[in-house]
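This report refers to the structure that appears directly beneath it.
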Amino acid sequence: MSQVTTGFVIQPRLSFQNKRDQVLYNFFVSEANFASNTYCERGQLKIRVKDLTDVFGHTDNILRACIKRLVDDGFITKKRLKGSEGLLITVNNYDEYQTLASYQKNKNEVPENLKQPTMEKNNVFTFFETTFGGALSPKMAQDIGNWVDDFNGNEDVVIAAMKLAIRKKKAFWGYVQPILVDWHNKGVHTLEDVRNLQNQSRREKSDKPKEVIANTSQGASGISEETQRLERIAQEKGLVTGEIRDTYVDF
């Protein structure tokens, strides 16, 4: 990390795919050298992923995914150092961001170096806020973040469960959680795993004789076996589910 421990830095207001990316980027900006020295150049810092896990409490995979997104979106560049020295991180446009004059130009003029990257991917937190409605509470953000961790940082899996809930007109977190529990128990790790699981479910249903489907698809209460199964999972995990319905959908 930086050996400069005094002074101040300017944190630019940028748009990120992931709240973790934003926190990590702000950390890089605050730790980067403000002036070049024998340690590294201005706007650079040396860091090991292991040290980041100690600071943020996330797994190596989660942090490596954050760093990759920051590189892909043009916020930083990285260089692998020899041996166990870790990574050399360079904050792109550092000089522009740390110059007050950059923020005093015409309000309608956006400096080329300060233009935001285009974000094409959905972010699990912003997706929840825009489709489920309302701002995320700290507890809800932590719950969602924990599920992303459980799926090895694959936000698309959690977003897929949210989309499923929306398509079933059950846009609340209590519907999403038992689906995630079910997928996790079945070894789902990626969005492709979700698709394969859904396709398998479709094939199993199509292979059943029609009369069997008619007799077994719903119980005496009129609730499908799939619904009852998910609600049992939710009860075992102590989740509030509301009313669960058939979970097959294309992604």
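By order in the structure tokens, chains are A, B, ...; within a chain, residues start at 1; ligands start at 1, following the order shown.
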Run DSSP on the backbone and tell me which residues of stretch 1-190 of chain A come out as strand (DSSP E); list them as a list in words.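 The residues of stretch 1-190 of chain A classed as strand (DSSP E) are Gln44, Leu45, Lys46, Ile47, Ile76, Thr77, Lys78, Lys79, Arg80, Leu87, Leu88, Ile89, Thr90 and Val91 of chain A.
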Select from stretch 87-181 of chain A every residue with an atom at most 9 Å from any atom of stretch 185-192 of chain A, then for each give the shortest pair of atoms and their distance in Å to one decimal, using only C-alpha atoms, rows by chain and rising number, as a tab-separated table.
```
residue	atom	partner	partner_atom	distance
A:Asp150	CA	A:His189	CA	8.4
A:Phe151	CA	A:His189	CA	5.2
A:Asn152	CA	A:His189	CA	6.8
A:Asn154	CA	A:Thr190	CA	6.3
A:Glu155	CA	A:Thr190	CA	8.9
A:Asp156	CA	A:Leu191	CA	6.1
A:Val157	CA	A:Leu191	CA	5.2
A:Val158	CA	A:Leu191	CA	9.0
A:Ala160	CA	A:Leu191	CA	7.5
A:Leu180	CA	A:Asn185	CA	8.5
A:Val181	CA	A:Asn185	CA	6.1
```
Determine which residues of stretch 61-168 of chain A receive a DSSP assignment of alpha helix (DSSP H), computed from the backbone, and state them as a ChimeraX atom specification. /A:61-72,94-97,124-132,138-150,155-167
Just to confirm, what's the straight-line distance from atom CA of A:Gly153 to atom CA of A:Arg13 in Å (one decimal)?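 One can read the atom CA of A:Gly153 to atom CA of A:Arg13 distance as 24.4 Å.
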Find the residues near stretch 129-143 of chain A: any atom within 12 Å, counting only C-alpha atoms, skip ones fewer than 5 places away on the same chain, and give them as JSON, numbers by chain. {"A": [18, 19, 20, 122, 123, 124, 148, 149, 150, 158, 159, 162, 163, 164, 165, 166, 167, 169, 170, 171, 172, 173, 174, 175, 176, 177, 180]}
Restricting it to C-alpha atoms, dump the selection as a PDB file, in the first residue's frame.
```
ATOM      1  CA  ASN A  18     -21.133  -2.579  -8.143  1.00  0.00           C
ATOM      2  CA  LYS A  19     -21.078  -0.935  -4.710  1.00  0.00           C
ATOM      3  CA  ARG A  20     -18.049  -3.051  -3.869  1.00  0.00           C
ATOM      4  CA  ASN A 122     -27.030  -4.837 -14.613  1.00  0.00           C
ATOM      5  CA  ASN A 123     -25.840  -4.350 -11.070  1.00  0.00           C
ATOM      6  CA  VAL A 124     -27.606  -6.476  -8.471  1.00  0.00           C
ATOM      7  CA  VAL A 148     -23.617 -12.848  -4.342  1.00  0.00           C
ATOM      8  CA  ASP A 149     -20.710 -14.197  -2.276  1.00  0.00           C
ATOM      9  CA  ASP A 150     -22.434 -17.595  -2.014  1.00  0.00           C
ATOM     10  CA  VAL A 158     -29.149 -13.323  -7.995  1.00  0.00           C
ATOM     11  CA  ILE A 159     -30.547 -11.002 -10.678  1.00  0.00           C
ATOM     12  CA  MET A 162     -35.190 -11.437  -8.988  1.00  0.00           C
ATOM     13  CA  LYS A 163     -36.337 -11.511 -12.631  1.00  0.00           C
ATOM     14  CA  LEU A 164     -38.108 -14.772 -11.968  1.00  0.00           C
ATOM     15  CA  ALA A 165     -39.968 -13.179  -9.045  1.00  0.00           C
ATOM     16  CA  ILE A 166     -40.939 -10.194 -11.193  1.00  0.00           C
ATOM     17  CA  ARG A 167     -42.266 -12.373 -13.997  1.00  0.00           C
ATOM     18  CA  LYS A 169     -45.657 -10.912 -10.139  1.00  0.00           C
ATOM     19  CA  LYS A 170     -44.039 -11.580  -6.749  1.00  0.00           C
ATOM     20  CA  ALA A 171     -41.542  -8.737  -6.591  1.00  0.00           C
ATOM     21  CA  PHE A 172     -40.490  -9.064  -2.971  1.00  0.00           C
ATOM     22  CA  TRP A 173     -37.332 -10.441  -1.381  1.00  0.00           C
ATOM     23  CA  GLY A 174     -39.163 -13.166   0.541  1.00  0.00           C
ATOM     24  CA  TYR A 175     -40.014 -14.798  -2.780  1.00  0.00           C
ATOM     25  CA  VAL A 176     -36.457 -14.572  -4.087  1.00  0.00           C
ATOM     26  CA  GLN A 177     -34.644 -16.109  -1.098  1.00  0.00           C
ATOM     27  CA  LEU A 180     -31.705 -18.881  -4.215  1.00  0.00           C
TER      28      LEU A 180
END
```
Given only C-alpha atoms as the basis, pick out the residue of A:Phe127, A:Phe34, A:Phe27, A:Phe56 nearest to A:Tyr97.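 The answer is A:Phe34, which sits nearest to A:Tyr97.
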Mind giving me the straight-line distance from atom CA of A:Phe28 to atom CA of A:Asn92 in Å, one decimal? 10.7 Å
In Å, how far is it from atom CA of A:Ala65 to atom CA of A:Thr126? 18.0 Å
Show me, as a compact mmCIF listing (two decimals) with C-alpha atoms, in the first residue's frame, the residues that have an atom within 12 Å of A:Asp51 when counting only C-alpha atoms, minus same-chain residues fewer than 2 positions from it.
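That gives us selection.txt:
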```txt
# COMPACT_ATOMS: atom_id res chain seq x y z
CA MET A 1 0.00 0.00 0.00
CA LYS A 46 1.20 -1.70 -4.67
CA ILE A 47 -1.24 -4.13 -3.14
CA ARG A 48 -1.70 -7.85 -2.56
CA VAL A 49 -5.17 -9.38 -2.89
CA THR A 53 -9.26 -9.63 1.98
CA ASP A 54 -8.08 -8.58 5.42
CA VAL A 55 -9.29 -5.01 4.87
CA PHE A 56 -12.69 -5.74 3.32
CA GLY A 57 -13.51 -9.22 4.59
CA HIS A 58 -14.38 -10.54 1.12
CA THR A 59 -13.00 -13.64 -0.58
CA ASP A 60 -10.13 -13.55 -3.09
CA LEU A 63 -12.02 -8.96 -4.91
CA SER A 84 4.83 -12.16 -3.80
CA GLU A 85 4.84 -8.39 -4.35
CA GLY A 86 1.24 -8.50 -5.60
CA LEU A 87 -0.19 -5.96 -8.04
```
